[in-house]
$ cat work-v5.cif   # mmCIF, C-alpha atoms
data_final
loop_
_atom_site.label_atom_id
_atom_site.label_comp_id
_atom_site.auth_asym_id
_atom_site.auth_seq_id
_atom_site.Cartn_x
_atom_site.Cartn_y
_atom_site.Cartn_z
CA MET H 92 -3.96 -27.30 18.34
CA ASP H 93 -0.17 -27.19 18.59
CA VAL H 94 0.19 -23.80 16.90
CA GLN H 95 3.95 -24.03 16.44
CA SER H 96 3.76 -27.41 14.67
CA TYR H 97 0.80 -26.23 12.61
CA MET H 98 2.58 -23.05 11.46
CA HIS H 99 5.85 -24.81 10.68
CA GLY H 100 3.91 -27.32 8.60
CA ILE H 101 2.38 -24.44 6.66
CA GLY H 102 5.83 -22.89 6.27
CA ARG H 103 7.38 -26.06 4.88
CA ALA H 104 4.51 -26.49 2.41
CA ALA H 105 4.80 -22.86 1.32
CA ARG H 106 8.55 -23.15 0.77
CA ALA H 107 8.07 -26.23 -1.42
CA ALA H 108 5.24 -24.51 -3.35
CA SER H 109 7.36 -21.39 -3.88
CA ARG H 110 9.81 -23.41 -5.97
CA ALA H 111 6.97 -24.62 -8.19
CA MET H 112 5.58 -21.10 -8.49
CA ALA H 113 8.99 -19.63 -9.39
CA ARG H 114 9.17 -21.89 -12.46
CA ALA H 115 5.47 -21.66 -13.37
CA GLU H 116 4.74 -20.40 -16.88
CA THR H 117 2.77 -17.19 -17.31
CA ARG H 118 -0.01 -19.11 -19.05
CA ALA H 119 -0.45 -21.45 -16.08
CA LYS H 120 -0.61 -18.53 -13.65
CA ASN H 121 -3.16 -16.73 -15.81
CA ASP H 122 -5.22 -19.92 -16.20
CA ALA H 123 -5.29 -20.22 -12.41
CA LEU H 124 -6.43 -16.62 -12.05
CA MET H 125 -9.19 -16.96 -14.62
CA ALA H 126 -10.46 -20.17 -13.00
CA MET H 127 -10.36 -18.43 -9.64
CA ALA H 128 -12.42 -15.49 -10.94
CA ALA H 129 -15.01 -17.89 -12.35
CA ALA H 130 -15.21 -19.76 -9.03
CA ILE H 131 -15.72 -16.50 -7.11
CA GLU H 132 -18.60 -15.51 -9.39
CA ARG H 133 -20.16 -18.98 -9.26
CA ASP H 134 -19.90 -19.16 -5.47
CA ALA H 135 -21.03 -15.60 -4.77
CA ASP H 136 -23.98 -16.76 -2.65
CA ARG H 137 -21.71 -19.02 -0.57
CA LEU H 138 -19.24 -16.19 0.01
CA LEU H 139 -22.01 -13.80 1.03
CA ALA H 140 -23.49 -16.39 3.40
CA ALA H 141 -20.12 -16.92 5.07
CA ASN H 142 -19.68 -13.17 5.35
CA ALA H 143 -23.15 -12.83 6.89
CA GLU H 144 -22.09 -15.24 9.64
CA ASP H 145 -18.94 -13.16 10.22
CA LEU H 146 -21.02 -9.98 10.40
CA ALA H 147 -23.45 -11.48 12.90
CA ALA H 148 -20.59 -12.64 15.12
CA ALA H 149 -18.89 -9.24 14.83
CA ARG H 150 -22.01 -7.36 15.89
CA ALA H 151 -22.60 -9.78 18.76
CA ALA H 152 -19.03 -9.21 19.92
CA GLY H 153 -19.56 -5.44 19.89
CA LEU H 154 -17.11 -4.57 17.11
CA GLU H 155 -16.98 -0.89 16.19
CA PRO H 156 -19.31 0.13 13.33
CA ALA H 157 -16.34 1.17 11.18
CA MET H 158 -14.81 -2.30 11.54
CA VAL H 159 -18.13 -3.97 10.74
CA ASP H 160 -18.41 -1.77 7.65
CA ARG H 161 -14.96 -2.84 6.44
CA LEU H 162 -15.89 -6.46 7.05
CA ALA H 163 -19.06 -6.40 4.95
CA LEU H 164 -19.27 -7.92 1.47
CA THR H 165 -21.99 -7.08 -1.05
CA PRO H 166 -22.96 -8.76 -4.34
CA ALA H 167 -21.32 -5.85 -6.15
CA GLY H 168 -18.21 -6.28 -4.01
CA VAL H 169 -17.94 -9.97 -4.87
CA ALA H 170 -18.33 -9.16 -8.57
CA GLN H 171 -15.62 -6.53 -8.20
CA MET H 172 -13.32 -9.10 -6.58
CA ALA H 173 -13.70 -11.39 -9.59
CA GLU H 174 -13.07 -8.53 -11.98
CA GLY H 175 -9.98 -7.54 -10.02
CA VAL H 176 -8.60 -11.07 -10.45
CA ARG H 177 -9.11 -10.83 -14.22
CA GLN H 178 -7.36 -7.45 -14.27
CA VAL H 179 -4.29 -8.95 -12.60
CA ALA H 180 -4.34 -11.81 -15.12
CA ALA H 181 -4.16 -9.18 -17.88
CA LEU H 182 -1.05 -7.55 -16.41
CA ALA H 183 2.41 -8.29 -17.80
CA ASP H 184 4.26 -11.02 -15.92
CA PRO H 185 7.40 -9.48 -14.39
CA VAL H 186 9.10 -12.81 -13.63
CA GLY H 187 12.05 -13.69 -15.86
CA GLU H 188 12.32 -10.24 -17.41
CA ILE H 189 15.99 -9.41 -18.16
CA SER H 190 17.04 -5.76 -18.19
CA ASP H 191 20.25 -3.74 -18.60
CA LEU H 192 21.93 -6.51 -20.58
CA ARG H 193 25.29 -5.19 -21.78
CA TYR H 194 28.63 -6.49 -23.00
CA ARG H 195 31.72 -6.25 -20.83
CA PRO H 196 35.29 -6.01 -22.22
CA SER H 197 35.75 -9.71 -21.44
CA GLY H 198 32.99 -10.56 -23.90
CA ILE H 199 30.46 -11.67 -21.31
CA GLN H 200 27.01 -10.09 -21.16
CA VAL H 201 25.80 -8.93 -17.76
CA GLY H 202 22.18 -8.15 -16.98
CA ARG H 203 19.59 -8.41 -14.24
CA MET H 204 16.67 -10.81 -14.11
CA ARG H 205 13.49 -10.21 -12.15
CA VAL H 206 12.68 -13.12 -9.82
CA PRO H 207 10.06 -13.85 -7.11
CA LEU H 208 10.79 -13.07 -3.48
CA GLY H 209 9.78 -16.61 -2.44
CA VAL H 210 7.28 -16.92 0.43
CA ILE H 211 5.32 -13.85 1.50
CA GLY H 212 3.44 -13.73 4.79
CA ILE H 213 0.56 -11.24 4.82
CA ILE H 214 -1.20 -10.20 8.04
CA TYR H 215 -4.33 -8.10 7.75
CA GLU H 216 -7.52 -7.07 9.48
CA ALA H 217 -11.22 -7.21 8.66
CA ARG H 218 -11.43 -6.84 4.88
CA PRO H 219 -12.09 -10.20 3.16
CA ASN H 220 -11.23 -8.71 -0.24
CA VAL H 221 -7.60 -8.49 0.91
CA THR H 222 -7.54 -12.28 0.82
CA VAL H 223 -8.21 -12.17 -2.91
CA ASP H 224 -5.88 -9.22 -3.60
CA ALA H 225 -2.99 -10.80 -1.73
CA ALA H 226 -3.49 -14.23 -3.26
CA VAL H 227 -3.62 -13.07 -6.87
CA LEU H 228 -0.71 -10.63 -6.63
CA CYS H 229 1.53 -13.21 -4.98
CA LEU H 230 0.44 -15.86 -7.49
CA LYS H 231 1.05 -13.69 -10.58
CA SER H 232 4.47 -12.60 -9.28
CA GLY H 233 5.51 -16.24 -8.80
CA ASN H 234 5.46 -16.28 -5.01
CA ALA H 235 3.82 -18.52 -2.43
CA ALA H 236 1.63 -16.77 0.14
CA ILE H 237 0.68 -17.42 3.76
CA LEU H 238 -2.35 -15.29 4.63
CA ARG H 239 -3.45 -14.49 8.16
CA GLY H 240 -6.66 -12.49 8.08
CA GLY H 241 -8.45 -11.06 11.08
CA SER H 242 -10.42 -13.51 13.21
CA GLU H 243 -13.56 -11.49 12.53
CA ALA H 244 -13.42 -12.54 8.83
CA ILE H 245 -12.44 -16.18 9.32
CA ARG H 246 -15.50 -17.70 7.59
CA ALA H 247 -15.39 -15.47 4.51
CA ASN H 248 -11.63 -15.87 4.21
CA GLN H 249 -11.90 -19.66 4.27
CA ALA H 250 -14.68 -19.55 1.67
CA ILE H 251 -12.53 -17.37 -0.58
CA ALA H 252 -9.59 -19.72 -0.05
CA MET H 253 -11.64 -22.57 -1.53
CA CYS H 254 -12.05 -20.55 -4.75
CA VAL H 255 -8.33 -19.74 -4.80
CA HIS H 256 -7.37 -23.39 -4.37
CA GLU H 257 -9.79 -24.45 -7.08
CA GLY H 258 -8.10 -22.06 -9.49
CA LEU H 259 -4.63 -23.30 -8.60
CA ARG H 260 -5.59 -26.95 -9.02
CA ALA H 261 -7.30 -26.23 -12.35
CA ALA H 262 -4.01 -24.87 -13.69
CA GLY H 263 -1.91 -27.72 -12.29
CA LEU H 264 -0.28 -25.53 -9.64
CA PRO H 265 0.08 -26.53 -5.97
CA ALA H 266 -2.85 -25.50 -3.79
CA THR H 267 -0.33 -24.82 -1.02
CA ALA H 268 0.94 -21.84 -3.03
CA VAL H 269 -1.75 -19.86 -1.19
CA GLN H 270 -2.57 -20.91 2.37
CA VAL H 271 -5.04 -19.13 4.61
CA ILE H 272 -4.29 -19.79 8.28
CA GLU H 273 -7.27 -21.57 9.80
CA THR H 274 -6.67 -20.86 13.49
CA THR H 275 -7.66 -17.58 15.15
CA ASP H 276 -5.04 -18.11 17.87
CA ARG H 277 -2.85 -15.00 17.97
CA ALA H 278 0.17 -17.20 18.62
CA ALA H 279 0.02 -18.04 14.90
CA VAL H 280 1.07 -14.49 14.07
CA GLY H 281 4.01 -14.70 16.46
CA GLU H 282 5.17 -17.87 14.73
CA LEU H 283 4.64 -16.51 11.22
CA ILE H 284 6.77 -13.41 11.73
CA THR H 285 9.69 -15.37 13.15
CA MET H 286 9.79 -18.34 10.70
CA LYS H 287 12.81 -17.06 8.80
CA ASP H 288 13.61 -20.52 7.41
CA TYR H 289 10.31 -20.53 5.54
CA VAL H 290 9.17 -16.92 5.04
CA ASP H 291 11.08 -14.26 3.08
CA VAL H 292 9.06 -11.11 3.74
CA ILE H 293 6.11 -10.01 5.87
CA VAL H 294 3.47 -7.52 4.68
CA PRO H 295 1.19 -6.17 7.45
CA ARG H 296 -2.01 -4.43 6.35
CA GLY H 297 -4.10 -2.73 9.00
CA GLY H 298 -3.99 -0.07 11.65
CA LYS H 299 -0.89 1.55 13.04
CA GLY H 300 -1.00 -0.59 16.19
CA LEU H 301 -0.88 -3.83 14.19
CA ILE H 302 1.95 -2.61 11.97
CA GLU H 303 4.01 -1.36 14.93
CA ARG H 304 3.67 -4.71 16.71
CA ILE H 305 4.63 -6.70 13.63
CA SER H 306 7.60 -4.44 12.87
CA ALA H 307 8.87 -4.63 16.45
CA ASP H 308 8.63 -8.41 16.80
CA ALA H 309 9.39 -9.71 13.30
CA ARG H 310 12.66 -11.49 12.56
CA ILE H 311 11.90 -11.28 8.84
CA PRO H 312 12.03 -8.16 6.60
CA VAL H 313 8.76 -6.19 6.73
CA LEU H 314 7.23 -4.10 3.93
CA LYS H 315 5.21 -1.41 5.70
CA HIS H 316 4.16 2.13 6.35
CA LEU H 317 3.12 3.33 9.79
CA ASP H 318 1.51 6.72 9.13
CA GLY H 319 0.12 8.73 6.27
CA VAL H 320 0.86 12.28 7.40
CA CYS H 321 0.51 13.74 3.90
CA HIS H 322 0.97 17.39 2.92
CA VAL H 323 -0.11 19.74 0.16
CA TYR H 324 2.00 22.89 -0.20
CA ILE H 325 0.39 25.77 -2.12
CA ASP H 326 3.18 27.93 -3.50
CA ASP H 327 2.84 31.66 -4.18
CA ARG H 328 3.24 30.83 -7.88
CA ALA H 329 0.35 28.40 -7.89
CA ASP H 330 -2.71 28.58 -10.10
CA LEU H 331 -5.28 29.27 -7.40
CA ASP H 332 -8.11 27.40 -9.14
CA LYS H 333 -5.90 24.31 -9.31
CA ALA H 334 -4.84 24.83 -5.72
CA VAL H 335 -8.41 24.94 -4.41
CA ARG H 336 -9.45 21.84 -6.39
CA ILE H 337 -6.42 19.86 -5.26
CA ALA H 338 -6.60 20.88 -1.60
CA ASP H 339 -10.30 20.08 -1.52
CA ASN H 340 -9.91 16.65 -3.15
CA ALA H 341 -6.80 15.69 -1.18
CA LYS H 342 -8.70 16.14 2.08
CA THR H 343 -12.35 15.42 1.40
CA HIS H 344 -12.40 12.71 -1.31
CA ARG H 345 -12.05 10.12 1.49
CA TYR H 346 -11.09 10.78 5.08
CA GLY H 347 -9.94 7.36 6.24
CA THR H 348 -7.19 6.57 3.72
CA CYS H 349 -3.44 6.77 4.18
CA ASN H 350 -3.00 9.11 1.18
CA THR H 351 -5.43 11.75 2.47
CA MET H 352 -3.92 15.19 3.15
CA GLU H 353 -3.58 15.87 6.87
CA THR H 354 -1.68 19.19 6.77
CA LEU H 355 -2.10 22.08 4.35
CA LEU H 356 0.87 24.42 3.93
CA VAL H 357 0.23 27.79 2.26
CA HIS H 358 2.71 30.45 1.14
CA ALA H 359 2.20 33.68 3.11
CA ASP H 360 1.88 35.84 -0.01
CA ILE H 361 -1.25 34.09 -1.30
CA ALA H 362 -2.79 32.85 1.96
CA ALA H 363 -5.35 35.67 2.11
CA ARG H 364 -6.62 34.71 -1.36
CA VAL H 365 -6.66 30.93 -1.09
CA LEU H 366 -7.62 30.21 2.52
CA PRO H 367 -11.09 31.89 2.57
CA PRO H 368 -12.51 29.93 -0.40
CA LEU H 369 -10.97 26.71 0.92
CA ALA H 370 -12.34 27.35 4.40
CA ALA H 371 -15.82 27.81 2.92
CA ILE H 372 -15.54 24.48 1.10
CA TYR H 373 -14.29 22.71 4.21
CA ALA H 374 -17.04 24.25 6.34
CA GLY H 375 -19.63 22.97 3.88
CA LYS H 376 -18.21 19.46 4.36
CA SER H 377 -17.88 19.78 8.17
CA VAL H 378 -14.08 19.66 8.16
CA GLU H 379 -12.58 21.02 11.38
CA LEU H 380 -9.59 23.33 10.81
CA ARG H 381 -6.70 23.69 13.24
CA GLY H 382 -4.25 26.39 12.27
CA CYS H 383 -1.19 28.39 13.21
CA ASP H 384 -1.62 31.95 14.49
CA ARG H 385 -1.07 33.45 11.01
CA ALA H 386 -3.72 31.20 9.46
CA ARG H 387 -6.17 32.00 12.28
CA ALA H 388 -5.72 35.70 11.59
CA ILE H 389 -7.17 35.11 8.10
CA VAL H 390 -9.82 32.45 8.76
CA PRO H 391 -11.41 31.52 12.11
CA MET H 392 -10.18 28.07 13.21
CA LEU H 393 -9.00 26.24 16.29
CA PRO H 394 -5.37 26.72 17.37
CA ALA H 395 -3.02 23.98 16.19
CA THR H 396 -0.63 22.34 18.61
CA ASP H 397 2.73 20.82 17.78
CA GLU H 398 1.06 17.41 17.99
CA ASP H 399 -1.37 18.36 15.22
CA TRP H 400 1.45 18.72 12.70
CA ALA H 401 2.46 15.08 13.24
CA THR H 402 -1.04 13.56 13.44
CA GLU H 403 -2.70 11.27 10.91
CA TYR H 404 -6.32 12.16 11.66
CA LEU H 405 -8.10 9.78 9.27
CA ALA H 406 -11.05 12.08 9.95
CA PRO H 407 -12.54 15.42 8.79
CA ILE H 408 -9.84 17.39 10.59
CA LEU H 409 -7.13 19.42 8.84
CA ALA H 410 -4.06 21.21 10.17
CA VAL H 411 -3.19 24.48 8.38
CA ARG H 412 0.10 26.35 8.49
CA ILE H 413 1.34 29.44 6.66
CA VAL H 414 4.98 29.32 5.58
CA ASP H 415 7.26 32.01 4.17
CA ASP H 416 8.80 30.08 1.29
CA LEU H 417 9.52 26.71 -0.28
CA ASP H 418 12.42 26.07 2.10
CA GLN H 419 10.16 26.42 5.14
CA ALA H 420 7.57 24.13 3.56
CA ILE H 421 10.17 21.43 2.89
CA ASP H 422 11.57 21.86 6.41
CA HIS H 423 8.09 21.34 7.86
CA ILE H 424 7.48 18.21 5.78
CA THR H 425 10.89 16.85 6.80
CA ALA H 426 10.20 17.50 10.48
CA TYR H 427 6.62 16.23 10.69
CA GLY H 428 5.88 14.09 7.64
CA SER H 429 5.80 10.30 7.48
CA MET H 430 7.55 9.93 4.09
CA HIS H 431 4.31 8.72 2.49
CA THR H 432 2.90 11.24 -0.03
CA ASP H 433 3.42 14.98 -0.40
CA ALA H 434 2.40 17.44 -3.13
CA ILE H 435 3.24 20.94 -4.31
CA VAL H 436 0.92 23.21 -6.29
CA THR H 437 2.99 25.63 -8.36
CA GLU H 438 3.49 26.90 -11.90
CA ASP H 439 7.21 27.44 -11.25
CA TYR H 440 9.18 24.65 -12.92
CA SER H 441 12.32 25.17 -10.84
CA ARG H 442 10.43 25.01 -7.55
CA ALA H 443 8.56 21.92 -8.68
CA ARG H 444 11.89 20.25 -9.52
CA ARG H 445 13.30 21.20 -6.12
CA PHE H 446 10.26 19.79 -4.35
CA LEU H 447 10.52 16.50 -6.27
CA ARG H 448 14.21 16.22 -5.51
CA GLU H 449 14.30 17.33 -1.88
CA VAL H 450 11.10 15.92 -0.36
CA ASP H 451 12.09 12.43 0.77
CA SER H 452 8.74 10.65 0.49
CA ALA H 453 7.61 7.48 -1.26
CA SER H 454 5.35 9.50 -3.61
CA VAL H 455 5.99 13.16 -4.46
CA MET H 456 3.57 15.06 -6.69
CA VAL H 457 3.32 18.30 -8.64
CA ASN H 458 -0.11 19.85 -9.24
CA ALA H 459 -2.03 16.69 -8.34
CA SER H 460 -4.00 15.40 -5.36
CA THR H 461 -2.27 13.11 -2.87
CA ARG H 462 -5.22 10.73 -3.35
CA PHE H 463 -3.52 9.46 -6.53
CA ALA H 464 -0.93 7.58 -4.43
CA ASP H 465 -2.49 4.22 -5.17
CA GLY H 466 -1.41 1.14 -7.08
CA PHE H 467 -4.34 1.23 -9.49
CA GLU H 468 -3.94 4.96 -10.19
CA PHE H 469 -0.19 4.49 -10.76
CA GLY H 470 -0.87 1.83 -13.37
CA LEU H 471 0.25 -1.12 -11.26
CA GLY H 472 -3.14 -2.81 -11.66
CA ALA H 473 -3.39 -3.51 -7.95
CA GLU H 474 -1.28 -3.21 -4.83
CA ILE H 475 -0.44 -5.33 -1.82
CA GLY H 476 0.09 -2.19 0.27
CA ILE H 477 2.25 0.93 0.47
CA SER H 478 5.83 0.98 1.69
CA THR H 479 7.63 3.99 3.11
CA ASP H 480 10.83 2.00 3.57
CA LYS H 481 13.80 2.93 1.40
CA LEU H 482 15.10 -0.54 0.60
CA HIS H 483 13.59 -2.79 -2.07
CA ALA H 484 10.03 -1.56 -2.72
CA ARG H 485 8.87 1.98 -2.02
CA GLY H 486 5.42 3.48 -2.51
CA PRO H 487 2.51 1.35 -3.78
CA VAL H 488 3.72 -2.26 -3.98
CA GLY H 489 2.40 -4.12 -7.02
CA LEU H 490 3.68 -7.12 -8.95
CA GLU H 491 7.15 -5.68 -9.50
CA GLY H 492 7.44 -4.84 -5.80
CA LEU H 493 6.87 -8.52 -4.99
CA THR H 494 9.93 -9.48 -7.00
CA SER H 495 13.65 -8.86 -6.71
CA LEU H 496 16.57 -8.70 -9.13
CA LYS H 497 19.50 -11.03 -9.54
CA PHE H 498 22.51 -10.65 -11.82
CA VAL H 499 22.74 -12.98 -14.79
CA VAL H 500 25.80 -13.54 -16.98
CA LEU H 501 25.77 -14.87 -20.55
CA GLY H 502 29.07 -16.14 -21.85
CA ASP H 503 30.55 -18.24 -24.63
CA GLY H 504 33.45 -19.95 -22.89
CA GLN H 505 35.10 -16.88 -21.38
CA VAL H 506 37.43 -17.34 -18.40
CA ARG H 507 38.84 -14.62 -16.20
CA VAL H 508 42.50 -13.75 -16.71
#

$ encode --input "work-v5.cif" --output "C-alpha cells"
Amino acid sequence: MDVQSYMHGIGRAARAASRAMARAETRAKNDALMAMAAAIERDADRLLAANAEDLAAARAAGLEPAMVDRLALTPAGVAQMAEGVRQVAALADPVGEISDLRYRPSGIQVGRMRVPLGVIGIIYEARPNVTVDAAVLCLKSGNAAILRGGSEAIRANQAIAMCVHEGLRAAGLPATAVQVIETTDRAAVGELITMKDYVDVIVPRGGKGLIERISADARIPVLKHLDGVCHVYIDDRADLDKAVRIADNAKTHRYGTCNTMETLLVHADIAARVLPPLAAIYAGKSVELRGCDRARAIVPMLPATDEDWATEYLAPILAVRIVDDLDQAIDHITAYGSMHTDAIVTEDYSRARRFLREVDSASVMVNASTRFADGFEFGLGAEIGISTDKLHARGPVGLEGLTSLKFVVLGDGQVRV
C-alpha cells in the first residue's frame, strides 16, 4: 500500500464530508445515531467475534495483561456502547447556537455562532469503545472524523465502523464522515498528523508516550493532556469526615485514571488528626505511602523523593506532604502539578475562593473528589478526552469542545461611516 496516497485520499474525502456534516440538520444526525445504536445491538455477536480474534492475536503477541484487559469487549460492554450512542443523540446540538447577540450604536447586531471544527483526527490505543465514542461525538458536533485505533484492535474497530457507516447512510449522510484507517502501518499516523490541508485538529488518546510523540511531530493543533498529577489539599479548616472520604475516594476509587489523586497535601495543624485514619484506610487497600519527613513522623511510610511529587503513578502509590498554609499548598501544586485536576477540602469560603482563582488547572474543586473530573460527571454526556491546554477547549472535551465560535452580524442595510 502507498500509505501517503491512501491517507491523502482519506483526507480529501473527510474534507468533503465535513462540509455536508456542517450543514446537516439535528434530526438527520440523531437519526444516524439511533440507527447506529440499533446496528451495534443487532451485530453484537459479530463485534464480539471480531474482538475475540483481536484478543487471541494480542495474547499470542505477548501483550501486557493490562493492555489485553483494555482491549476486551463483553456483551454488557457492547450494550453499553449502544446506550452511550443513544445518550449522545439525546444531547442538545451545539451547532448553530447564537449567543451574546447585542445591538451596536450603528444598529447592527453582533453575536457569536457555534460551528464545527471541521475534520478531527483521533489516534488511540487498545479500547474499541473509543471508536464509537469518537465517531458519535464528532458526528453530533457536525464534524468529520478520521480514526486511527491501535493495531491490536483492528478487527473490532472495522466491525464497529460498519455499524457507524450503516447509521450514516440510513440518515442520508456521507459514510466518509467517519473513516477508520484500515492499515496498521505506523506511517499512517505520521501522515495524519501532518495533513494540515485536510485535518483541523488532532486528539491523541492513550499513554504519555503516544501523546508526547504526537505533540512533538504534529503540524496540526493537538488537544491533549500529558499527565494527571492531581492533588487534594486538606486545609486546617476542613471537615475531617469529609476530608477522609474525599482523600480515600480520590486515590482508591480507581488507580489507573488520569483524575486519580497522586499527591495528598495536609495542613500541619490537622495532620496528626487526619493522617492516622487515612493511613489505616490506605493500608487496608494496600496503598503504598511515600511522605515528607514531617508526615513520616506521624505515620510510618517510605521517604518521598523530589521525583515523587511530580509522578503520575497510576498505581496504589500515594505521595504525602505536610504544608504550613494555603500559600505553600498552592506553591507545591504550581511547581509539581500537571494542570489537570486539583481539589481543596475546607469550610473556609475565602480560602476556597482563593484556591479556585489561583490554582491554574483545567478542573479545580472544593470539597469534592478529583474523580469527578469526567465528561459524564460534568454533564457533558460524554467526552473525547481531557485537555490541559489553555486555548480553545480545556478540561473534559465534549460536544461543545469539538466546536468553535465565529462572529455573526445581522444588519438591515447599515453601512460604516

$ resolve_selection --input "work-v5.cif" --expression "the PyMOL selection byres ((chain H and resi 344-354) around 10)" --output "compact mmCIF listing (two decimals) with C-alpha atoms, in the coordinates of the input"
# COMPACT_ATOMS: atom_id res chain seq x y z
CA HIS H 316 4.16 2.13 6.35
CA LEU H 317 3.12 3.33 9.79
CA ASP H 318 1.51 6.72 9.13
CA GLY H 319 0.12 8.73 6.27
CA VAL H 320 0.86 12.28 7.40
CA CYS H 321 0.51 13.74 3.90
CA HIS H 322 0.97 17.39 2.92
CA VAL H 323 -0.11 19.74 0.16
CA TYR H 324 2.00 22.89 -0.20
CA ILE H 337 -6.42 19.86 -5.26
CA ALA H 338 -6.60 20.88 -1.60
CA ASP H 339 -10.30 20.08 -1.52
CA ASN H 340 -9.91 16.65 -3.15
CA ALA H 341 -6.80 15.69 -1.18
CA LYS H 342 -8.70 16.14 2.08
CA THR H 343 -12.35 15.42 1.40
CA LEU H 355 -2.10 22.08 4.35
CA LEU H 356 0.87 24.42 3.93
CA VAL H 357 0.23 27.79 2.26
CA VAL H 378 -14.08 19.66 8.16
CA LEU H 380 -9.59 23.33 10.81
CA ARG H 381 -6.70 23.69 13.24
CA GLY H 382 -4.25 26.39 12.27
CA ASP H 399 -1.37 18.36 15.22
CA TRP H 400 1.45 18.72 12.70
CA ALA H 401 2.46 15.08 13.24
CA THR H 402 -1.04 13.56 13.44
CA GLU H 403 -2.70 11.27 10.91
CA TYR H 404 -6.32 12.16 11.66
CA LEU H 405 -8.10 9.78 9.27
CA ALA H 406 -11.05 12.08 9.95
CA PRO H 407 -12.54 15.42 8.79
CA ILE H 408 -9.84 17.39 10.59
CA LEU H 409 -7.13 19.42 8.84
CA ALA H 410 -4.06 21.21 10.17
CA VAL H 411 -3.19 24.48 8.38
CA ARG H 412 0.10 26.35 8.49
CA ILE H 424 7.48 18.21 5.78
CA TYR H 427 6.62 16.23 10.69
CA GLY H 428 5.88 14.09 7.64
CA HIS H 431 4.31 8.72 2.49
CA THR H 432 2.90 11.24 -0.03
CA ASP H 433 3.42 14.98 -0.40
CA ALA H 434 2.40 17.44 -3.13
CA SER H 454 5.35 9.50 -3.61
CA SER H 460 -4.00 15.40 -5.36
CA THR H 461 -2.27 13.11 -2.87
CA ARG H 462 -5.22 10.73 -3.35
CA PHE H 463 -3.52 9.46 -6.53
CA ALA H 464 -0.93 7.58 -4.43
CA ASP H 465 -2.49 4.22 -5.17
CA ILE H 477 2.25 0.93 0.47

$ resolve_selection --input "work-v5.cif" --expression "the PyMOL selection byres ((chain H and resi 494) around 8)" --output "JSON, numbers by chain"
{"H": [185, 186, 205, 206, 207, 208, 232, 490, 491, 492, 493, 495, 496]}

$ write_last_selection --input "work-v5.cif" --atoms "C-alpha atoms" --output "mmCIF file, in the coordinates of the input"
data_model
loop_
_atom_site.group_PDB
_atom_site.id
_atom_site.type_symbol
_atom_site.label_atom_id
_atom_site.label_comp_id
_atom_site.auth_asym_id
_atom_site.auth_seq_id
_atom_site.Cartn_x
_atom_site.Cartn_y
_atom_site.Cartn_z
ATOM 1 C CA PRO H 185 7.400 -9.480 -14.390
ATOM 2 C CA VAL H 186 9.100 -12.810 -13.630
ATOM 3 C CA ARG H 205 13.490 -10.210 -12.150
ATOM 4 C CA VAL H 206 12.680 -13.120 -9.820
ATOM 5 C CA PRO H 207 10.060 -13.850 -7.110
ATOM 6 C CA LEU H 208 10.790 -13.070 -3.480
ATOM 7 C CA SER H 232 4.470 -12.600 -9.280
ATOM 8 C CA LEU H 490 3.680 -7.120 -8.950
ATOM 9 C CA GLU H 491 7.150 -5.680 -9.500
ATOM 10 C CA GLY H 492 7.440 -4.840 -5.800
ATOM 11 C CA LEU H 493 6.870 -8.520 -4.990
ATOM 12 C CA SER H 495 13.650 -8.860 -6.710
ATOM 13 C CA LEU H 496 16.570 -8.700 -9.130
#

$ atom_distance --input "work-v5.cif" --atom1 "CA of Ala105 in chain H" --atom2 "CA of Tyr215 in chain H"
18.5 Å

$ atom_distance --input "work-v5.cif" --atom1 "CA of Ser190 in chain H" --atom2 "CA of Gly502 in chain H"
16.3 Å

$ residues_around --input "work-v5.cif" --residues "Ala252 in chain H" --least-positions-apart "3" --cutoff "12 Å" --atoms "only C-alpha atoms" --output "PyMOL selection string"
chain H and resi 127+130-131+134+138+219-227+236-240+245-249+255-259+266-273

$ atom_distance --input "work-v5.cif" --atom1 "CA of Asp291 in chain H" --atom2 "CA of Ile305 in chain H"
14.5 Å
